[in-house]
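Just protein_0.pdb here, PDB, N, CA and C atoms:
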```pdb
ATOM      1  N   MET A   1     101.318 114.737 192.833
ATOM      2  CA  MET A   1     101.122 114.891 191.419
ATOM      3  C   MET A   1     102.336 114.344 190.683
ATOM      4  N   HIS A   2     102.097 113.576 189.656
ATOM      5  CA  HIS A   2     103.164 112.964 188.884
ATOM      6  C   HIS A   2     103.172 113.541 187.483
ATOM      7  N   ASP A   3     104.380 113.766 186.971
ATOM      8  CA  ASP A   3     104.492 114.197 185.585
ATOM      9  C   ASP A   3     104.316 112.981 184.685
ATOM     10  N   THR A   4     103.578 113.160 183.608
ATOM     11  CA  THR A   4     103.401 112.087 182.638
ATOM     12  C   THR A   4     104.410 112.248 181.528
ATOM     13  N   VAL A   5     105.135 111.187 181.270
ATOM     14  CA  VAL A   5     106.134 111.203 180.211
ATOM     15  C   VAL A   5     105.536 110.457 179.018
ATOM     16  N   PRO A   6     105.481 111.106 177.854
ATOM     17  CA  PRO A   6     104.907 110.413 176.698
ATOM     18  C   PRO A   6     105.765 109.217 176.309
ATOM     19  N   PRO A   7     105.130 108.143 175.847
ATOM     20  CA  PRO A   7     105.915 106.969 175.445
ATOM     21  C   PRO A   7     106.760 107.288 174.226
ATOM     22  N   GLU A   8     107.911 106.625 174.161
ATOM     23  CA  GLU A   8     108.771 106.805 172.987
ATOM     24  C   GLU A   8     108.294 105.886 171.880
ATOM     25  N   HIS A   9     108.333 106.388 170.669
ATOM     26  CA  HIS A   9     107.954 105.591 169.508
ATOM     27  C   HIS A   9     109.154 105.480 168.584
ATOM     28  N   ALA A  10     109.269 104.336 167.964
ATOM     29  CA  ALA A  10     110.338 104.139 166.992
ATOM     30  C   ALA A  10     110.050 104.983 165.766
ATOM     31  N   PRO A  11     111.068 105.479 165.110
ATOM     32  CA  PRO A  11     110.849 106.236 163.874
ATOM     33  C   PRO A  11     110.093 105.393 162.854
ATOM     34  N   ALA A  12     109.293 106.033 162.025
ATOM     35  CA  ALA A  12     108.474 105.327 161.043
ATOM     36  C   ALA A  12     109.326 104.485 160.097
ATOM     37  N   SER A  13     110.561 104.886 159.853
ATOM     38  CA  SER A  13     111.407 104.153 158.915
ATOM     39  C   SER A  13     112.130 102.974 159.559
ATOM     40  N   SER A  14     112.019 102.837 160.868
ATOM     41  CA  SER A  14     112.706 101.751 161.570
ATOM     42  C   SER A  14     111.890 100.469 161.479
ATOM     43  N   ASP A  15     112.564  99.347 161.395
ATOM     44  CA  ASP A  15     111.900  98.052 161.338
ATOM     45  C   ASP A  15     112.265  97.277 162.596
ATOM     46  N   ASN A  16     111.367  97.279 163.546
ATOM     47  CA  ASN A  16     111.611  96.588 164.805
ATOM     48  C   ASN A  16     110.901  95.248 164.794
ATOM     49  N   LEU A  17     111.656  94.186 164.978
ATOM     50  CA  LEU A  17     111.100  92.843 165.007
ATOM     51  C   LEU A  17     111.402  92.196 166.340
ATOM     52  N   LEU A  18     110.447  91.448 166.829
ATOM     53  CA  LEU A  18     110.642  90.658 168.029
ATOM     54  C   LEU A  18     110.301  89.227 167.664
ATOM     55  N   LEU A  19     111.288  88.344 167.720
ATOM     56  CA  LEU A  19     111.063  86.937 167.423
ATOM     57  C   LEU A  19     110.709  86.224 168.728
ATOM     58  N   ASP A  20     109.646  85.456 168.705
ATOM     59  CA  ASP A  20     109.189  84.723 169.875
ATOM     60  C   ASP A  20     109.504  83.247 169.646
ATOM     61  N   ILE A  21     110.747  82.847 169.954
ATOM     62  CA  ILE A  21     111.192  81.488 169.682
ATOM     63  C   ILE A  21     111.694  80.822 170.956
ATOM     64  N   GLY A  22     111.705  79.508 170.934
ATOM     65  CA  GLY A  22     112.176  78.717 172.062
ATOM     66  C   GLY A  22     111.307  77.494 172.210
ATOM     67  N   GLY A  23     111.820  76.463 172.819
ATOM     68  CA  GLY A  23     111.041  75.240 172.981
ATOM     69  C   GLY A  23     110.596  74.706 171.632
ATOM     70  N   GLY A  24     109.295  74.592 171.426
ATOM     71  CA  GLY A  24     108.744  74.081 170.178
ATOM     72  C   GLY A  24     108.338  75.162 169.200
ATOM     73  N   THR A  25     108.883  76.374 169.364
ATOM     74  CA  THR A  25     108.524  77.508 168.506
ATOM     75  C   THR A  25     109.768  78.087 167.846
ATOM     76  N   GLY A  26     109.692  78.286 166.526
ATOM     77  CA  GLY A  26     110.792  78.888 165.779
ATOM     78  C   GLY A  26     110.282  80.055 164.954
ATOM     79  N   ALA A  27     111.127  80.590 164.116
ATOM     80  CA  ALA A  27     110.767  81.711 163.242
ATOM     81  C   ALA A  27     111.200  81.372 161.818
ATOM     82  N   LEU A  28     110.621  82.087 160.853
ATOM     83  CA  LEU A  28     110.931  81.871 159.444
ATOM     84  C   LEU A  28     111.123  83.201 158.757
ATOM     85  N   ILE A  29     112.232  83.331 158.039
ATOM     86  CA  ILE A  29     112.516  84.511 157.224
ATOM     87  C   ILE A  29     112.491  84.069 155.770
ATOM     88  N   ILE A  30     111.638  84.703 154.976
ATOM     89  CA  ILE A  30     111.559  84.398 153.550
ATOM     90  C   ILE A  30     112.183  85.558 152.798
ATOM     91  N   LEU A  31     113.345  85.323 152.210
ATOM     92  CA  LEU A  31     114.082  86.331 151.457
ATOM     93  C   LEU A  31     113.555  86.400 150.035
ATOM     94  N   THR A  32     113.396  87.611 149.507
ATOM     95  CA  THR A  32     112.866  87.808 148.160
ATOM     96  C   THR A  32     113.673  88.872 147.433
ATOM     97  N   SER A  33     113.309  89.105 146.192
ATOM     98  CA  SER A  33     113.900  90.209 145.437
ATOM     99  C   SER A  33     113.180  91.501 145.812
ATOM    100  N   ALA A  34     113.783  92.624 145.492
ATOM    101  CA  ALA A  34     113.165  93.933 145.754
ATOM    102  C   ALA A  34     111.856  94.085 144.993
ATOM    103  N   GLY A  35     111.692  93.358 143.903
ATOM    104  CA  GLY A  35     110.466  93.431 143.120
ATOM    105  C   GLY A  35     109.233  92.939 143.857
ATOM    106  N   ARG A  36     109.419  92.208 144.952
ATOM    107  CA  ARG A  36     108.285  91.733 145.749
ATOM    108  C   ARG A  36     107.978  92.656 146.930
ATOM    109  N   ASP A  37     108.639  93.801 147.012
ATOM    110  CA  ASP A  37     108.407  94.732 148.123
ATOM    111  C   ASP A  37     106.918  95.017 148.276
ATOM    112  N   GLN A  38     106.413  94.890 149.488
ATOM    113  CA  GLN A  38     105.017  95.126 149.879
ATOM    114  C   GLN A  38     104.056  94.029 149.422
ATOM    115  N   ALA A  39     104.548  92.972 148.780
ATOM    116  CA  ALA A  39     103.689  91.845 148.391
ATOM    117  C   ALA A  39     103.481  90.932 149.597
ATOM    118  N   GLU A  40     102.372  90.210 149.602
ATOM    119  CA  GLU A  40     102.120  89.235 150.650
ATOM    120  C   GLU A  40     102.714  87.884 150.254
ATOM    121  N   VAL A  41     103.287  87.206 151.232
ATOM    122  CA  VAL A  41     103.788  85.852 151.051
ATOM    123  C   VAL A  41     102.981  84.964 151.981
ATOM    124  N   GLU A  42     102.475  83.849 151.431
ATOM    125  CA  GLU A  42     101.688  82.914 152.233
ATOM    126  C   GLU A  42     102.487  81.648 152.523
ATOM    127  N   ILE A  43     102.225  81.088 153.709
ATOM    128  CA  ILE A  43     102.762  79.790 154.090
ATOM    129  C   ILE A  43     101.617  78.978 154.687
ATOM    130  N   SER A  44     101.803  77.662 154.728
ATOM    131  CA  SER A  44     100.850  76.788 155.416
ATOM    132  C   SER A  44     101.612  75.599 155.975
ATOM    133  N   PRO A  45     101.116  75.032 157.073
ATOM    134  CA  PRO A  45     101.738  73.803 157.549
ATOM    135  C   PRO A  45     101.637  72.741 156.450
ATOM    136  N   ALA A  46     102.672  71.962 156.252
ATOM    137  CA  ALA A  46     102.667  70.922 155.224
ATOM    138  C   ALA A  46     101.465  69.997 155.446
ATOM    139  N   GLY A  47     100.737  69.729 154.366
ATOM    140  CA  GLY A  47      99.566  68.878 154.441
ATOM    141  C   GLY A  47      98.295  69.588 154.861
ATOM    142  N   GLN A  48      98.384  70.892 155.108
ATOM    143  CA  GLN A  48      97.219  71.670 155.528
ATOM    144  C   GLN A  48      97.108  72.938 154.683
ATOM    145  N   GLU A  49      96.904  72.765 153.383
ATOM    146  CA  GLU A  49      96.887  73.889 152.442
ATOM    147  C   GLU A  49      95.907  74.986 152.830
ATOM    148  N   GLN A  50      94.789  74.637 153.450
ATOM    149  CA  GLN A  50      93.771  75.626 153.796
ATOM    150  C   GLN A  50      94.170  76.480 154.993
ATOM    151  N   ALA A  51      95.103  76.036 155.784
ATOM    152  CA  ALA A  51      95.505  76.745 157.005
ATOM    153  C   ALA A  51      96.642  77.728 156.711
ATOM    154  N   ARG A  52      96.417  78.620 155.771
ATOM    155  CA  ARG A  52      97.471  79.557 155.366
ATOM    156  C   ARG A  52      97.510  80.794 156.258
ATOM    157  N   THR A  53      98.705  81.314 156.384
ATOM    158  CA  THR A  53      98.918  82.603 157.028
ATOM    159  C   THR A  53      99.831  83.400 156.119
ATOM    160  N   HIS A  54      99.816  84.708 156.258
ATOM    161  CA  HIS A  54     100.637  85.528 155.364
ATOM    162  C   HIS A  54     101.354  86.627 156.131
ATOM    163  N   ASN A  55     102.346  87.168 155.466
ATOM    164  CA  ASN A  55     103.070  88.325 155.975
ATOM    165  C   ASN A  55     103.534  89.135 154.778
ATOM    166  N   VAL A  56     103.904  90.386 155.011
ATOM    167  CA  VAL A  56     104.261  91.315 153.942
ATOM    168  C   VAL A  56     105.776  91.399 153.791
ATOM    169  N   VAL A  57     106.224  91.441 152.543
ATOM    170  CA  VAL A  57     107.646  91.636 152.243
ATOM    171  C   VAL A  57     107.973  93.112 152.455
ATOM    172  N   ARG A  58     109.033  93.352 153.165
ATOM    173  CA  ARG A  58     109.495  94.725 153.436
ATOM    174  C   ARG A  58     111.016  94.782 153.282
ATOM    175  N   ALA A  59     111.520  95.965 153.004
ATOM    176  CA  ALA A  59     112.967  96.183 153.036
ATOM    177  C   ALA A  59     113.382  96.173 154.499
ATOM    178  N   ARG A  60     114.408  95.415 154.810
ATOM    179  CA  ARG A  60     114.844  95.286 156.198
ATOM    180  C   ARG A  60     116.354  95.519 156.283
ATOM    181  N   ALA A  61     116.737  96.302 157.253
ATOM    182  CA  ALA A  61     118.151  96.623 157.447
ATOM    183  C   ALA A  61     118.830  95.492 158.213
ATOM    184  N   THR A  62     119.994  95.078 157.733
ATOM    185  CA  THR A  62     120.806  94.078 158.418
ATOM    186  C   THR A  62     122.221  94.627 158.546
ATOM    187  N   ALA A  63     123.046  93.942 159.298
ATOM    188  CA  ALA A  63     124.435  94.369 159.445
ATOM    189  C   ALA A  63     125.158  94.359 158.104
ATOM    190  N   GLY A  64     124.724  93.480 157.191
ATOM    191  CA  GLY A  64     125.369  93.367 155.884
ATOM    192  C   GLY A  64     124.742  94.237 154.800
ATOM    193  N   GLY A  65     123.726  95.003 155.139
ATOM    194  CA  GLY A  65     123.034  95.837 154.160
ATOM    195  C   GLY A  65     121.538  95.581 154.204
ATOM    196  N   SER A  66     120.844  96.048 153.212
ATOM    197  CA  SER A  66     119.395  95.920 153.161
ATOM    198  C   SER A  66     118.983  94.665 152.391
ATOM    199  N   VAL A  67     117.954  93.983 152.876
ATOM    200  CA  VAL A  67     117.377  92.830 152.188
ATOM    201  C   VAL A  67     115.861  93.005 152.175
ATOM    202  N   HIS A  68     115.204  92.286 151.278
ATOM    203  CA  HIS A  68     113.744  92.262 151.254
ATOM    204  C   HIS A  68     113.307  90.907 151.788
ATOM    205  N   ALA A  69     112.414  90.927 152.772
ATOM    206  CA  ALA A  69     112.013  89.674 153.401
ATOM    207  C   ALA A  69     110.653  89.793 154.061
ATOM    208  N   ALA A  70     109.965  88.662 154.118
ATOM    209  CA  ALA A  70     108.776  88.501 154.945
ATOM    210  C   ALA A  70     109.221  87.698 156.162
ATOM    211  N   VAL A  71     108.814  88.122 157.345
ATOM    212  CA  VAL A  71     109.250  87.460 158.570
ATOM    213  C   VAL A  71     108.035  86.910 159.312
ATOM    214  N   PHE A  72     108.109  85.646 159.650
ATOM    215  CA  PHE A  72     107.097  84.991 160.470
ATOM    216  C   PHE A  72     107.765  84.768 161.826
ATOM    217  N   PRO A  73     107.476  85.619 162.821
ATOM    218  CA  PRO A  73     108.270  85.654 164.050
ATOM    219  C   PRO A  73     108.005  84.547 165.058
ATOM    220  N   SER A  74     106.937  83.769 164.882
ATOM    221  CA  SER A  74     106.618  82.746 165.867
ATOM    222  C   SER A  74     105.780  81.653 165.210
ATOM    223  N   LEU A  75     106.408  80.521 164.920
ATOM    224  CA  LEU A  75     105.728  79.394 164.284
ATOM    225  C   LEU A  75     106.001  78.118 165.070
ATOM    226  N   ALA A  76     104.986  77.265 165.146
ATOM    227  CA  ALA A  76     105.200  75.945 165.745
ATOM    228  C   ALA A  76     106.213  75.185 164.897
ATOM    229  N   ALA A  77     107.100  74.464 165.544
ATOM    230  CA  ALA A  77     108.092  73.670 164.807
ATOM    231  C   ALA A  77     107.372  72.714 163.868
ATOM    232  N   GLY A  78     107.940  72.539 162.677
ATOM    233  CA  GLY A  78     107.361  71.627 161.699
ATOM    234  C   GLY A  78     107.706  72.043 160.291
ATOM    235  N   ASP A  79     107.129  71.340 159.326
ATOM    236  CA  ASP A  79     107.353  71.633 157.912
ATOM    237  C   ASP A  79     106.275  72.591 157.408
ATOM    238  N   TYR A  80     106.701  73.564 156.582
ATOM    239  CA  TYR A  80     105.792  74.564 156.029
ATOM    240  C   TYR A  80     105.970  74.656 154.519
ATOM    241  N   VAL A  81     104.851  74.813 153.829
ATOM    242  CA  VAL A  81     104.869  75.069 152.399
ATOM    243  C   VAL A  81     104.888  76.578 152.212
ATOM    244  N   VAL A  82     105.810  77.056 151.378
ATOM    245  CA  VAL A  82     105.853  78.464 150.988
ATOM    246  C   VAL A  82     105.167  78.550 149.629
ATOM    247  N   TRP A  83     104.196  79.455 149.505
ATOM    248  CA  TRP A  83     103.395  79.556 148.282
ATOM    249  C   TRP A  83     103.918  80.659 147.381
ATOM    250  N   ARG A  84     104.176  80.302 146.122
ATOM    251  CA  ARG A  84     104.624  81.275 145.119
ATOM    252  C   ARG A  84     103.471  82.210 144.755
ATOM    253  N   ASP A  85     102.282  81.636 144.655
ATOM    254  CA  ASP A  85     101.062  82.396 144.379
ATOM    255  C   ASP A  85      99.902  81.607 144.977
ATOM    256  N   GLU A  86      98.696  81.951 144.610
ATOM    257  CA  GLU A  86      97.517  81.334 145.210
ATOM    258  C   GLU A  86      97.461  79.817 145.058
ATOM    259  N   SER A  87      97.993  79.289 143.950
ATOM    260  CA  SER A  87      97.851  77.856 143.701
ATOM    261  C   SER A  87      99.161  77.087 143.540
ATOM    262  N   ALA A  88     100.287  77.766 143.427
ATOM    263  CA  ALA A  88     101.560  77.086 143.169
ATOM    264  C   ALA A  88     102.509  77.164 144.362
ATOM    265  N   PRO A  89     102.887  76.006 144.906
ATOM    266  CA  PRO A  89     103.877  76.026 145.981
ATOM    267  C   PRO A  89     105.272  76.315 145.426
ATOM    268  N   ALA A  90     106.061  77.050 146.194
ATOM    269  CA  ALA A  90     107.442  77.344 145.808
ATOM    270  C   ALA A  90     108.403  76.333 146.416
ATOM    271  N   GLY A  91     107.989  75.697 147.498
ATOM    272  CA  GLY A  91     108.843  74.726 148.165
ATOM    273  C   GLY A  91     108.433  74.543 149.606
ATOM    274  N   THR A  92     109.212  73.726 150.305
ATOM    275  CA  THR A  92     108.940  73.405 151.710
ATOM    276  C   THR A  92     110.165  73.757 152.542
ATOM    277  N   VAL A  93     109.924  74.237 153.753
ATOM    278  CA  VAL A  93     110.998  74.576 154.678
ATOM    279  C   VAL A  93     110.651  74.004 156.046
ATOM    280  N   THR A  94     111.667  73.578 156.779
ATOM    281  CA  THR A  94     111.462  73.045 158.128
ATOM    282  C   THR A  94     111.836  74.103 159.159
ATOM    283  N   VAL A  95     110.920  74.345 160.076
ATOM    284  CA  VAL A  95     111.150  75.265 161.190
ATOM    285  C   VAL A  95     111.415  74.418 162.430
ATOM    286  N   HIS A  96     112.543  74.693 163.102
ATOM    287  CA  HIS A  96     112.912  73.981 164.323
ATOM    288  C   HIS A  96     112.686  74.897 165.523
ATOM    289  N   GLY A  97     112.254  74.316 166.633
ATOM    290  CA  GLY A  97     112.068  75.093 167.854
ATOM    291  C   GLY A  97     113.356  75.763 168.296
ATOM    292  N   GLY A  98     113.255  77.031 168.675
ATOM    293  CA  GLY A  98     114.408  77.770 169.173
ATOM    294  C   GLY A  98     115.361  78.250 168.095
ATOM    295  N   GLN A  99     114.971  78.106 166.811
ATOM    296  CA  GLN A  99     115.858  78.490 165.714
ATOM    297  C   GLN A  99     115.113  79.343 164.686
ATOM    298  N   VAL A 100     115.887  80.013 163.844
ATOM    299  CA  VAL A 100     115.342  80.808 162.750
ATOM    300  C   VAL A 100     115.678  80.104 161.446
ATOM    301  N   ALA A 101     114.655  79.732 160.695
ATOM    302  CA  ALA A 101     114.832  79.101 159.390
ATOM    303  C   ALA A 101     114.739  80.174 158.314
ATOM    304  N   SER A 102     115.311  79.889 157.148
ATOM    305  CA  SER A 102     115.205  80.831 156.032
ATOM    306  C   SER A 102     114.869  80.084 154.750
ATOM    307  N   PHE A 103     114.249  80.830 153.811
ATOM    308  CA  PHE A 103     113.840  80.281 152.535
ATOM    309  C   PHE A 103     113.991  81.380 151.511
ATOM    310  N   ARG A 104     114.509  81.071 150.340
ATOM    311  CA  ARG A 104     114.668  82.047 149.267
ATOM    312  C   ARG A 104     113.526  81.884 148.275
ATOM    313  N   LEU A 105     112.712  82.928 148.118
ATOM    314  CA  LEU A 105     111.588  82.935 147.177
ATOM    315  C   LEU A 105     111.930  83.882 146.046
ATOM    316  N   ASP A 106     112.218  83.331 144.872
ATOM    317  CA  ASP A 106     112.588  84.167 143.720
ATOM    318  C   ASP A 106     111.367  84.556 142.909
TER
END
```

Representation of the structure as structure tokens:
Amino acid sequence: MHDTVPPEHAPASSDNLLLDIGGGTGALIILTSAGRDQAEVEISPAGQEQARTHNVVRARATAGGSVHAAVFPSLAAGDYVVWRDESAPAGTVTVHGGQVASFRLD
């Protein structure tokens, strides 16, 4: 007979991220103001406006303090359009394999 040990869960207030990068895959962090907390941010591969994906802006703890950001933990290397809203692009960012790119969305 074996004792069953319940799995440990991270506290609800903790923000655990796992970036899956390497080779031809990178990650993207989109930094925002606190006013965008819980808002969705959309991106699409450059030239493929219909192929959008989104993530939610959350307060995230860093060594330097708290920031608000949407994190895309695993993206194919290439250029991405960051969308300000449904129809207006905010700019383009390049994601490199094995690296973390960042973009400031005001």

(request) Find the residue from A:Tyr80, A:Phe103, A:Glu86, A:Thr94 that sits nearest to Ala46 in chain A; use only C-alpha atoms when measuring. (result) A:Tyr80

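The residue that comes closest to Val93 in chain A, out of A:Val71, A:Leu19, A:Ala61, A:Leu28 and on the basis of only C-alpha atoms, is A:Leu28.
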
Would you compute the box with edges along x, y and z of the file around range 31-40 of chain A, including every atom the file lists for it and 5 Å extra on each side, and give its centre and edge lengths in Å to one decimal, as AutoDock Vina command-line options?
```
--center_x 108.1 --center_y 90.2 --center_z 147.7 --size_x 22.0 --size_y 19.8 --size_z 19.1
```

Closest pair table for range 20-50 of chain A residues within 5 Å of range 97-100 of chain A, all atoms listed in the file, as JSON lines:
```
{"residue": "A:Ile21", "atom": "C", "partner": "A:Gly98", "partner_atom": "CA", "distance": 4.5}
{"residue": "A:Gly22", "atom": "N", "partner": "A:Gly98", "partner_atom": "CA", "distance": 3.7}
{"residue": "A:Gly23", "atom": "C", "partner": "A:Gly97", "partner_atom": "CA", "distance": 4.1}
{"residue": "A:Gly24", "atom": "C", "partner": "A:Gly97", "partner_atom": "CA", "distance": 4.0}
{"residue": "A:Thr25", "atom": "C", "partner": "A:Gly98", "partner_atom": "N", "distance": 3.7}
{"residue": "A:Gly26", "atom": "N", "partner": "A:Gly97", "partner_atom": "CA", "distance": 4.2}
{"residue": "A:Ala27", "atom": "N", "partner": "A:Gln99", "partner_atom": "C", "distance": 4.2}
```

May I have the selected residues written with N, CA and C atoms, as a compact mmCIF listing (two decimals), keeping the file's coordinate frame?
```txt
# COMPACT_ATOMS: atom_id res chain seq x y z
N ILE A 21 110.75 82.85 169.95
CA ILE A 21 111.19 81.49 169.68
C ILE A 21 111.69 80.82 170.96
N GLY A 22 111.70 79.51 170.93
CA GLY A 22 112.18 78.72 172.06
C GLY A 22 111.31 77.49 172.21
N GLY A 23 111.82 76.46 172.82
CA GLY A 23 111.04 75.24 172.98
C GLY A 23 110.60 74.71 171.63
N GLY A 24 109.30 74.59 171.43
CA GLY A 24 108.74 74.08 170.18
C GLY A 24 108.34 75.16 169.20
N THR A 25 108.88 76.37 169.36
CA THR A 25 108.52 77.51 168.51
C THR A 25 109.77 78.09 167.85
N GLY A 26 109.69 78.29 166.53
CA GLY A 26 110.79 78.89 165.78
C GLY A 26 110.28 80.06 164.95
N ALA A 27 111.13 80.59 164.12
CA ALA A 27 110.77 81.71 163.24
C ALA A 27 111.20 81.37 161.82
```

(request) Return the single residue from A:Leu105, A:Val56, A:Val95, A:Ala39 that is closest to Ala76 in chain A, with distances computed using all atoms listed in the file. (result)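 Looking only at the distances to Ala76 in chain A, the closest residue turns out to be A:Val95.
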
Using the chain letters and residue numbers of this document, give as an mmCIF file with N, CA and C atoms, in the frame of the given file the residues selected by the PyMOL selection byres ((chain A and resi 45) around 5).
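Printed below is part14.cif as written:
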```cif
data_model
loop_
_atom_site.group_PDB
_atom_site.id
_atom_site.type_symbol
_atom_site.label_atom_id
_atom_site.label_comp_id
_atom_site.auth_asym_id
_atom_site.auth_seq_id
_atom_site.Cartn_x
_atom_site.Cartn_y
_atom_site.Cartn_z
ATOM 1 N N ILE A 43 102.225 81.088 153.709
ATOM 2 C CA ILE A 43 102.762 79.790 154.090
ATOM 3 C C ILE A 43 101.617 78.978 154.687
ATOM 4 N N SER A 44 101.803 77.662 154.728
ATOM 5 C CA SER A 44 100.850 76.788 155.416
ATOM 6 C C SER A 44 101.612 75.599 155.975
ATOM 7 N N ALA A 46 102.672 71.962 156.252
ATOM 8 C CA ALA A 46 102.667 70.922 155.224
ATOM 9 C C ALA A 46 101.465 69.997 155.446
ATOM 10 N N GLY A 47 100.737 69.729 154.366
ATOM 11 C CA GLY A 47 99.566 68.878 154.441
ATOM 12 C C GLY A 47 98.295 69.588 154.861
ATOM 13 N N GLN A 48 98.384 70.892 155.108
ATOM 14 C CA GLN A 48 97.219 71.670 155.528
ATOM 15 C C GLN A 48 97.108 72.938 154.683
ATOM 16 N N ASP A 79 107.129 71.340 159.326
ATOM 17 C CA ASP A 79 107.353 71.633 157.912
ATOM 18 C C ASP A 79 106.275 72.591 157.408
ATOM 19 N N TYR A 80 106.701 73.564 156.582
ATOM 20 C CA TYR A 80 105.792 74.564 156.029
ATOM 21 C C TYR A 80 105.970 74.656 154.519
ATOM 22 N N VAL A 81 104.851 74.813 153.829
ATOM 23 C CA VAL A 81 104.869 75.069 152.399
ATOM 24 C C VAL A 81 104.888 76.578 152.212
#
```
